>>> print(open('entry36.pdb').read())   # PDB, C-alpha atoms
ATOM      1  CA  MET Q  90     -59.098 136.866 -66.873
ATOM      2  CA  ALA Q  91     -55.879 135.062 -65.874
ATOM      3  CA  GLY Q  92     -54.119 138.454 -65.864
ATOM      4  CA  TRP Q  93     -56.577 139.868 -63.310
ATOM      5  CA  VAL Q  94     -56.176 136.800 -61.069
ATOM      6  CA  ILE Q  95     -52.378 137.130 -61.163
ATOM      7  CA  ALA Q  96     -52.470 140.898 -60.576
ATOM      8  CA  GLU Q  97     -54.865 140.682 -57.616
ATOM      9  CA  GLY Q  98     -52.961 137.692 -56.278
ATOM     10  CA  SER Q  99     -49.582 139.437 -56.427
ATOM     11  CA  ALA Q 100     -50.953 142.403 -54.442
ATOM     12  CA  LEU Q 101     -52.584 140.266 -51.739
ATOM     13  CA  LEU Q 102     -50.638 136.992 -51.684
ATOM     14  CA  PRO Q 103     -47.481 138.152 -49.786
ATOM     15  CA  GLY Q 104     -49.615 139.288 -46.825
ATOM     16  CA  PHE Q 105     -51.559 136.026 -46.861
ATOM     17  CA  VAL Q 106     -48.438 133.837 -46.974
ATOM     18  CA  LEU Q 107     -46.741 135.750 -44.139
ATOM     19  CA  ALA Q 108     -49.931 135.776 -42.049
ATOM     20  CA  PHE Q 109     -50.452 132.066 -42.577
ATOM     21  CA  PHE Q 110     -46.900 130.796 -42.034
ATOM     22  CA  TRP Q 111     -44.940 133.498 -40.184
ATOM     23  CA  VAL Q 112     -47.369 135.197 -37.770
ATOM     24  CA  ARG Q 113     -47.903 133.229 -34.556
ATOM     25  CA  PRO Q 114     -51.259 132.580 -32.872
ATOM     26  CA  ALA Q 115     -51.998 135.448 -30.433
ATOM     27  CA  ALA Q 116     -51.852 134.449 -26.768
ATOM     28  CA  ASP Q 117     -54.410 137.093 -25.783
ATOM     29  CA  PHE Q 118     -56.977 135.687 -28.229
ATOM     30  CA  ALA Q 119     -56.126 132.099 -27.227
ATOM     31  CA  SER Q 120     -56.887 132.846 -23.569
ATOM     32  CA  ARG Q 121     -60.075 134.793 -24.371
ATOM     33  CA  TYR Q 122     -61.577 132.747 -27.195
ATOM     34  CA  GLY Q 123     -59.716 129.430 -27.114
ATOM     35  CA  ASN Q 124     -58.040 129.840 -30.535
ATOM     36  CA  GLY Q 125     -55.119 132.225 -31.040
ATOM     37  CA  GLU Q 126     -55.243 131.746 -34.835
ATOM     38  CA  ILE Q 127     -58.479 133.734 -35.158
ATOM     39  CA  ALA Q 128     -56.498 136.896 -34.278
ATOM     40  CA  LYS Q 129     -55.160 136.666 -37.853
ATOM     41  CA  ILE Q 130     -58.619 137.691 -39.101
ATOM     42  CA  VAL Q 131     -57.585 141.173 -37.907
ATOM     43  CA  LEU Q 132     -55.028 141.209 -40.764
ATOM     44  CA  VAL Q 133     -57.874 141.177 -43.318
ATOM     45  CA  HIS Q 134     -60.782 142.751 -41.438
ATOM     46  CA  VAL Q 135     -58.974 145.874 -40.154
ATOM     47  CA  PRO Q 136     -57.458 146.967 -43.529
ATOM     48  CA  LEU Q 137     -60.877 146.547 -45.188
ATOM     49  CA  ALA Q 138     -62.550 148.738 -42.555
ATOM     50  CA  ILE Q 139     -59.806 151.401 -42.474
ATOM     51  CA  LEU Q 140     -59.567 151.655 -46.266
ATOM     52  CA  SER Q 141     -63.339 151.896 -46.684
ATOM     53  CA  PHE Q 142     -63.311 154.806 -44.198
ATOM     54  CA  LEU Q 143     -60.409 156.555 -45.977
ATOM     55  CA  GLY Q 144     -62.134 156.008 -49.323
ATOM     56  CA  PHE Q 145     -65.442 157.481 -48.128
ATOM     57  CA  VAL Q 146     -63.733 160.542 -46.612
ATOM     58  CA  THR Q 147     -61.624 161.127 -49.767
ATOM     59  CA  ALA Q 148     -64.806 160.727 -51.856
ATOM     60  CA  GLY Q 149     -66.416 163.449 -49.713
ATOM     61  CA  ILE Q 150     -63.462 165.797 -50.284
ATOM     62  CA  LEU Q 151     -63.589 165.124 -54.045
ATOM     63  CA  GLY Q 152     -67.362 165.674 -53.968
ATOM     64  CA  ALA Q 153     -66.815 169.075 -52.353
ATOM     65  CA  LEU Q 154     -64.214 169.900 -55.039
ATOM     66  CA  TYR Q 155     -66.699 168.942 -57.767
ATOM     67  CA  LEU Q 156     -69.376 171.179 -56.253
ATOM     68  CA  GLY Q 157     -66.872 174.059 -56.261
ATOM     69  CA  LYS Q 158     -65.156 173.566 -59.644
ATOM     70  CA  LYS Q 159     -67.685 171.491 -61.697
ATOM     71  CA  GLU Q 160     -64.839 169.346 -63.065
ATOM     72  CA  PRO Q 161     -66.290 165.870 -63.992
ATOM     73  CA  ALA Q 162     -63.059 164.057 -63.001
ATOM     74  CA  TYR Q 163     -63.649 164.939 -59.326
ATOM     75  CA  ASP Q 164     -67.124 163.426 -59.395
ATOM     76  CA  ASP Q 165     -65.898 160.342 -61.295
ATOM     77  CA  TRP Q 166     -63.256 159.603 -58.644
ATOM     78  CA  SER Q 167     -65.683 160.419 -55.834
ATOM     79  CA  TYR Q 168     -68.194 157.900 -57.230
ATOM     80  CA  ALA Q 169     -65.499 155.272 -57.904
ATOM     81  CA  LEU Q 170     -64.122 155.549 -54.353
ATOM     82  CA  CYS Q 171     -67.627 155.289 -52.860
ATOM     83  CA  GLU Q 172     -68.468 152.176 -54.882
ATOM     84  CA  ALA Q 173     -65.183 150.395 -54.075
ATOM     85  CA  GLY Q 174     -65.548 151.598 -50.464
ATOM     86  CA  PHE Q 175     -68.987 149.983 -50.307
ATOM     87  CA  VAL Q 176     -67.486 146.651 -51.445
ATOM     88  CA  TYR Q 177     -64.725 146.961 -48.812
ATOM     89  CA  ALA Q 178     -67.206 147.904 -46.060
ATOM     90  CA  LEU Q 179     -69.413 144.954 -47.057
ATOM     91  CA  LEU Q 180     -66.452 142.555 -46.859
ATOM     92  CA  ALA Q 181     -65.410 144.084 -43.506
ATOM     93  CA  THR Q 182     -68.958 143.432 -42.233
ATOM     94  CA  VAL Q 183     -68.969 139.832 -43.512
ATOM     95  CA  THR Q 184     -65.533 139.038 -42.032
ATOM     96  CA  GLY Q 185     -66.512 140.780 -38.766
ATOM     97  CA  SER Q 186     -69.709 138.764 -38.641
ATOM     98  CA  TYR Q 187     -67.740 135.517 -39.043
ATOM     99  CA  PHE Q 188     -65.396 136.638 -36.235
ATOM    100  CA  SER Q 189     -68.486 137.335 -34.107
ATOM    101  CA  GLN Q 190     -69.744 133.797 -34.780
ATOM    102  CA  LEU Q 191     -66.378 132.273 -33.821
ATOM    103  CA  THR Q 192     -65.915 134.284 -30.639
ATOM    104  CA  TRP Q 193     -69.398 135.026 -29.307
ATOM    105  CA  GLY Q 194     -71.366 132.231 -30.996
ATOM    106  CA  ALA Q 195     -73.657 134.530 -33.027
ATOM    107  CA  TRP Q 196     -73.281 135.864 -36.566
ATOM    108  CA  TRP Q 197     -75.080 139.078 -35.676
ATOM    109  CA  GLN Q 198     -75.846 140.442 -32.251
ATOM    110  CA  PHE Q 199     -76.230 144.204 -32.756
ATOM    111  CA  ASP Q 200     -72.930 145.032 -31.133
ATOM    112  CA  PRO Q 201     -72.416 148.848 -31.452
ATOM    113  CA  ARG Q 202     -69.625 148.253 -34.000
ATOM    114  CA  GLN Q 203     -71.822 145.976 -36.095
ATOM    115  CA  THR Q 204     -74.694 148.471 -35.918
ATOM    116  CA  THR Q 205     -72.593 151.465 -36.984
ATOM    117  CA  MET Q 206     -71.096 149.447 -39.861
ATOM    118  CA  LEU Q 207     -74.616 148.449 -40.943
ATOM    119  CA  MET Q 208     -75.539 152.161 -40.950
ATOM    120  CA  VAL Q 209     -72.508 152.910 -43.153
ATOM    121  CA  LEU Q 210     -73.622 150.181 -45.590
ATOM    122  CA  ILE Q 211     -77.196 151.523 -45.715
ATOM    123  CA  THR Q 212     -75.876 155.082 -46.263
ATOM    124  CA  TYR Q 213     -73.750 154.080 -49.253
ATOM    125  CA  ALA Q 214     -76.249 151.597 -50.700
ATOM    126  CA  ALA Q 215     -78.674 154.545 -50.779
ATOM    127  CA  TYR Q 216     -75.952 156.676 -52.438
ATOM    128  CA  LEU Q 217     -75.510 154.117 -55.236
ATOM    129  CA  ILE Q 218     -79.295 153.787 -55.725
ATOM    130  CA  VAL Q 219     -79.883 157.572 -55.724
ATOM    131  CA  ARG Q 220     -77.136 158.066 -58.304
ATOM    132  CA  GLN Q 221     -78.610 155.454 -60.637
ATOM    133  CA  ALA Q 222     -82.080 156.950 -60.252
ATOM    134  CA  VAL Q 223     -81.080 160.360 -61.707
ATOM    135  CA  GLU Q 224     -80.732 160.358 -65.506
ATOM    136  CA  ASP Q 225     -79.421 163.853 -66.202
ATOM    137  CA  ARG Q 226     -75.618 163.640 -65.934
ATOM    138  CA  GLU Q 227     -74.997 167.040 -64.395
ATOM    139  CA  ARG Q 228     -77.732 166.601 -61.795
ATOM    140  CA  GLN Q 229     -76.468 163.080 -61.103
ATOM    141  CA  ALA Q 230     -72.963 164.431 -60.427
ATOM    142  CA  ALA Q 231     -74.233 167.341 -58.287
ATOM    143  CA  ILE Q 232     -76.536 165.150 -56.176
ATOM    144  CA  GLY Q 233     -73.896 162.410 -55.913
ATOM    145  CA  SER Q 234     -71.199 164.870 -54.814
ATOM    146  CA  ALA Q 235     -73.435 166.539 -52.208
ATOM    147  CA  TYR Q 236     -74.381 163.074 -50.887
ATOM    148  CA  ALA Q 237     -70.685 162.047 -50.777
ATOM    149  CA  VAL Q 238     -69.898 165.120 -48.634
ATOM    150  CA  LEU Q 239     -72.718 164.325 -46.170
ATOM    151  CA  GLY Q 240     -71.745 160.639 -46.224
ATOM    152  CA  ALA Q 241     -68.134 161.481 -45.312
ATOM    153  CA  ILE Q 242     -69.291 163.567 -42.330
ATOM    154  CA  SER Q 243     -71.546 160.749 -41.097
ATOM    155  CA  CYS Q 244     -68.662 158.268 -41.618
ATOM    156  CA  ILE Q 245     -66.436 160.186 -39.194
ATOM    157  CA  ALA Q 246     -69.178 159.849 -36.576
ATOM    158  CA  LEU Q 247     -69.966 156.206 -37.373
ATOM    159  CA  TYR Q 248     -66.377 154.935 -37.516
ATOM    160  CA  PHE Q 249     -64.561 157.047 -34.944
ATOM    161  CA  VAL Q 250     -66.969 158.930 -32.642
ATOM    162  CA  ILE Q 251     -69.974 156.749 -31.748
ATOM    163  CA  PRO Q 252     -68.017 153.452 -31.210
ATOM    164  CA  TYR Q 253     -65.610 155.251 -28.833
ATOM    165  CA  LEU Q 254     -68.233 156.908 -26.611
ATOM    166  CA  PRO Q 255     -67.723 155.538 -23.053
ATOM    167  CA  ALA Q 256     -71.336 154.362 -22.732
ATOM    168  CA  VAL Q 257     -71.125 152.553 -26.084
ATOM    169  CA  GLN Q 258     -67.716 151.019 -25.367
ATOM    170  CA  GLU Q 259     -69.035 149.517 -22.124
ATOM    171  CA  GLN Q 260     -71.572 147.488 -24.128
ATOM    172  CA  SER Q 261     -69.278 146.537 -27.016
ATOM    173  CA  LEU Q 262     -67.510 143.172 -27.222
ATOM    174  CA  HIS Q 263     -65.408 144.345 -30.189
ATOM    175  CA  PRO Q 264     -61.726 143.517 -29.495
ATOM    176  CA  SER Q 265     -60.329 146.798 -30.924
ATOM    177  CA  GLY Q 266     -58.794 147.520 -27.503
ATOM    178  CA  ILE Q 267     -56.426 144.517 -27.785
ATOM    179  CA  LEU Q 268     -54.679 146.022 -30.822
ATOM    180  CA  ALA Q 269     -54.639 149.529 -29.297
ATOM    181  CA  LYS Q 270     -53.067 148.236 -26.071
ATOM    182  CA  GLY Q 271     -50.312 146.422 -28.025
ATOM    183  CA  GLY Q 272     -51.842 142.975 -27.407
ATOM    184  CA  LEU Q 273     -50.594 141.774 -30.812
ATOM    185  CA  ASP Q 274     -46.838 141.437 -31.363
ATOM    186  CA  TRP Q 275     -44.605 143.136 -33.956
ATOM    187  CA  ARG Q 276     -45.174 140.367 -36.494
ATOM    188  CA  TYR Q 277     -48.894 141.187 -36.504
ATOM    189  CA  ARG Q 278     -48.197 144.897 -36.808
ATOM    190  CA  SER Q 279     -45.753 144.478 -39.730
ATOM    191  CA  VAL Q 280     -48.041 142.098 -41.639
ATOM    192  CA  LEU Q 281     -50.988 144.405 -40.894
ATOM    193  CA  LEU Q 282     -49.043 147.209 -42.595
ATOM    194  CA  LEU Q 283     -48.289 144.943 -45.560
ATOM    195  CA  THR Q 284     -51.895 143.739 -45.985
ATOM    196  CA  THR Q 285     -53.161 147.335 -45.631
ATOM    197  CA  MET Q 286     -50.816 148.395 -48.448
ATOM    198  CA  GLY Q 287     -51.864 145.397 -50.600
ATOM    199  CA  PHE Q 288     -55.584 146.075 -50.108
ATOM    200  CA  GLY Q 289     -54.879 149.797 -50.663
ATOM    201  CA  VAL Q 290     -53.307 149.101 -54.067
ATOM    202  CA  VAL Q 291     -56.279 146.901 -55.028
ATOM    203  CA  TYR Q 292     -58.698 149.626 -53.831
ATOM    204  CA  LEU Q 293     -57.100 152.281 -56.060
ATOM    205  CA  TRP Q 294     -56.956 149.830 -58.962
ATOM    206  CA  LEU Q 295     -60.680 148.993 -58.649
ATOM    207  CA  ALA Q 296     -61.554 152.696 -58.407
ATOM    208  CA  SER Q 297     -59.431 153.493 -61.491
ATOM    209  CA  LEU Q 298     -61.310 150.810 -63.477
ATOM    210  CA  ARG Q 299     -64.633 152.421 -62.513
ATOM    211  CA  VAL Q 300     -63.256 155.831 -63.584
ATOM    212  CA  ARG Q 301     -62.278 154.282 -66.945
ATOM    213  CA  ILE Q 302     -65.830 152.919 -67.352
ATOM    214  CA  LEU Q 303     -67.313 156.352 -66.611
ATOM    215  CA  SER Q 304     -64.982 157.970 -69.142
ATOM    216  CA  LEU Q 305     -65.888 155.377 -71.829
ATOM    217  CA  GLN Q 306     -69.599 155.886 -71.095
ATOM    218  CA  ARG Q 307     -69.193 159.670 -71.406
ATOM    219  CA  ARG Q 308     -67.317 159.343 -74.719
ATOM    220  CA  GLN Q 309     -69.989 156.993 -76.074
ATOM    221  CA  TRP Q 310     -72.782 159.280 -74.923
ATOM    222  CA  LEU Q 311     -71.108 162.282 -76.580
ATOM    223  CA  SER Q 312     -70.556 160.481 -79.904
ATOM    224  CA  VAL Q 313     -74.206 159.341 -79.963
ATOM    225  CA  LEU Q 314     -75.247 162.928 -79.189
ATOM    226  CA  PHE Q 315     -73.116 164.308 -82.059
ATOM    227  CA  SER Q 316     -74.223 161.644 -84.555
ATOM    228  CA  GLU Q 317     -77.870 162.395 -83.724
ATOM    229  CA  GLY Q 318     -77.280 166.140 -83.938
TER     230      GLY Q 318
ATOM    231  CA  MET R  24     -53.572 123.540 -38.677
ATOM    232  CA  ASP R  25     -57.308 123.227 -37.889
ATOM    233  CA  GLY R  26     -57.097 126.438 -35.889
ATOM    234  CA  ALA R  27     -55.984 128.323 -39.011
ATOM    235  CA  PHE R  28     -59.115 127.333 -40.946
ATOM    236  CA  PRO R  29     -61.144 130.472 -40.010
ATOM    237  CA  PHE R  30     -58.378 132.753 -41.274
ATOM    238  CA  PHE R  31     -58.202 130.769 -44.511
ATOM    239  CA  VAL R  32     -61.990 131.125 -44.953
ATOM    240  CA  VAL R  33     -61.835 134.894 -44.303
ATOM    241  CA  TRP R  34     -59.019 135.329 -46.814
ATOM    242  CA  LEU R  35     -60.779 133.224 -49.434
ATOM    243  CA  VAL R  36     -64.101 135.085 -49.040
ATOM    244  CA  THR R  37     -62.355 138.472 -49.273
ATOM    245  CA  TRP R  38     -60.197 137.503 -52.241
ATOM    246  CA  GLY R  39     -63.194 135.942 -54.018
ATOM    247  CA  GLY R  40     -65.425 138.936 -53.307
ATOM    248  CA  LEU R  41     -62.877 141.362 -54.721
ATOM    249  CA  MET R  42     -62.318 139.107 -57.731
ATOM    250  CA  VAL R  43     -66.070 139.030 -58.516
ATOM    251  CA  TYR R  44     -66.204 142.844 -58.355
ATOM    252  CA  LEU R  45     -63.066 143.108 -60.498
ATOM    253  CA  LEU R  46     -64.439 140.767 -63.173
ATOM    254  CA  ARG R  47     -67.717 142.711 -63.226
ATOM    255  CA  LEU R  48     -65.800 145.930 -63.916
ATOM    256  CA  ASP R  49     -63.680 144.156 -66.544
ATOM    257  CA  LEU R  50     -66.796 142.860 -68.306
ATOM    258  CA  GLN R  51     -68.311 146.363 -68.372
ATOM    259  CA  ILE R  52     -65.086 147.795 -69.860
ATOM    260  CA  ARG R  53     -65.010 145.110 -72.571
ATOM    261  CA  GLN R  54     -68.673 145.730 -73.480
ATOM    262  CA  LEU R  55     -68.131 149.497 -73.689
ATOM    263  CA  GLU R  56     -64.975 149.142 -75.759
ATOM    264  CA  ARG R  57     -66.782 146.781 -78.143
ATOM    265  CA  ALA R  58     -69.706 149.204 -78.461
ATOM    266  CA  SER R  59     -67.348 152.127 -79.037
ATOM    267  CA  GLN R  60     -65.482 150.172 -81.742
ATOM    268  CA  SER R  61     -68.690 149.241 -83.581
ATOM    269  CA  LEU R  62     -69.791 152.897 -83.404
ATOM    270  CA  LYS R  63     -66.472 153.953 -84.980
ATOM    271  CA  ASP R  64     -66.819 151.257 -87.701
ATOM    272  CA  ARG R  65     -70.349 152.444 -88.518
ATOM    273  CA  GLU R  66     -69.226 156.054 -88.750
ATOM    274  CA  ARG R  67     -66.354 155.045 -91.052
ATOM    275  CA  GLU R  68     -68.733 153.051 -93.295
ATOM    276  CA  GLU R  69     -71.141 155.975 -93.491
ATOM    277  CA  PHE R  70     -68.280 158.329 -94.350
ATOM    278  CA  VAL R  71     -67.059 156.029 -97.149
ATOM    279  CA  ARG R  72     -70.615 155.559 -98.473
ATOM    280  CA  SER R  73     -71.254 159.305 -98.528
ATOM    281  CA  GLY R  74     -67.972 159.774-100.477
ATOM    282  CA  GLU R  75     -69.026 157.141-103.045
ATOM    283  CA  ASP R  76     -72.440 158.802-103.498
ATOM    284  CA  GLN R  77     -70.780 162.113-104.319
TER     285      GLN R  77
END
>>> encode(input="entry36.pdb", output="structure tokens")
Amino acid sequence: MAGWVIAEGSALLPGFVLAFFWVRPAADFASRYGNGEIAKIVLVHVPLAILSFLGFVTAGILGALYLGKKEPAYDDWSYALCEAGFVYALLATVTGSYFSQLTWGAWWQFDPRQTTMLMVLITYAAYLIVRQAVEDRERQAAIGSAYAVLGAISCIALYFVIPYLPAVQEQSLHPSGILAKGGLDWRYRSVLLLTTMGFGVVYLWLASLRVRILSLQRRQWLSVLFSEG
Amino acid sequence: MDGAFPFFVVWLVTWGGLMVYLLRLDLQIRQLERASQSLKDREREEFVRSGEDQ
């Protein structure tokens, strides 16, 4: 267990230390919300959201490859990326909700961003449940892959189309515009890159562990099948 | 330093959440490896026993 703690720590700790001691409180956030330090939440929340999106889209591409080539490895990675992506999206929602409480005084207020993220979570929670519900392995992989493709298409809409519609943006309090307009200095941008890489390494590591589990389960299932036969 | 508390909380929750997921995966791997080892041992025992019978 100590090994896991050290490994996860070494991937994420440099970003945390720099964010905590080197990055300065953001003036824009200080004037808007009274505490410039809360801008640092961006350094955790944004990588989680971006990586979950990239994971879901890659899972969709791998799902499409499985449907075309019927190679189990594609479905294994598709499933692993969806599961880890769900964890990342959940953590992005929790950290976003805490930011909402600090800035707007409410944990949840159905801001368009919060609503679309909730829809992403429901979509992938259903994916994980549907997969578990099917017992036949080939059907499980086929249904899972088809779902991953549809999920990826809906993700593009939920992450990057609906939140940016002018009518939706008018209602949203989400501070994504501050980052886009360069409201955070170069220290934020460099640490954001570092934390995104750190969380990215952890994402791939978690997904590879799930792939290893699936491969062990398949080997076990095959040996039981042969010993029975 | 009080102002930095929210960021510390966010980091701790995220790190803890990922660690819980990681340990869950690790536990599953250990259980599967143990099961696979005991399956191999049983097969080896059966093989030896069948050789002795002959």
>>> resolve_selection(input="entry36.pdb", expression="the ChimeraX specification (/R :<10) & /Q", output="PyMOL selection string")
chain Q and resi 90+93-94+97-98+101-102+105+108-110+114+123-134+137+173+176-177+179-181+183-185+187-188+191+288+291-292+294-296+298-299+301-303+305-306+308-310+312-313+316
>>> atom_distance(input="entry36.pdb", atom1="CA of Ile251 in chain Q", atom2="CA of Gly194 in chain Q")
24.6 Å
>>> closest_residue(input="entry36.pdb", among="Q:Ala231, Q:Val238, Q:Val106, Q:Ala153", to="Thr212 in chain Q", atoms="all atoms listed in the file")
Q:Val238
>>> axis_aligned_box(input="entry36.pdb", around="range 111-121 of chain Q", padding_each_side="6 Å", output="lines of an AutoDock Vina configuration file")
center_x = -52.5
center_y = 134.6
center_z = -31.9
size_x = 27.1
size_y = 17.0
size_z = 28.6
>>> atom_distance(input="entry36.pdb", atom1="CA of Tyr155 in chain Q", atom2="CA of Glu227 in chain Q")
10.8 Å
>>> atom_distance(input="entry36.pdb", atom1="CA of Leu282 in chain Q", atom2="CA of Gly174 in chain Q")
18.8 Å
>>> resolve_selection(input="entry36.pdb", expression="the PyMOL selection byres ((chain Q and resi 235-237) around 7)", output="PyMOL selection string")
chain Q and resi 148-149+152+216+231-234+238-241
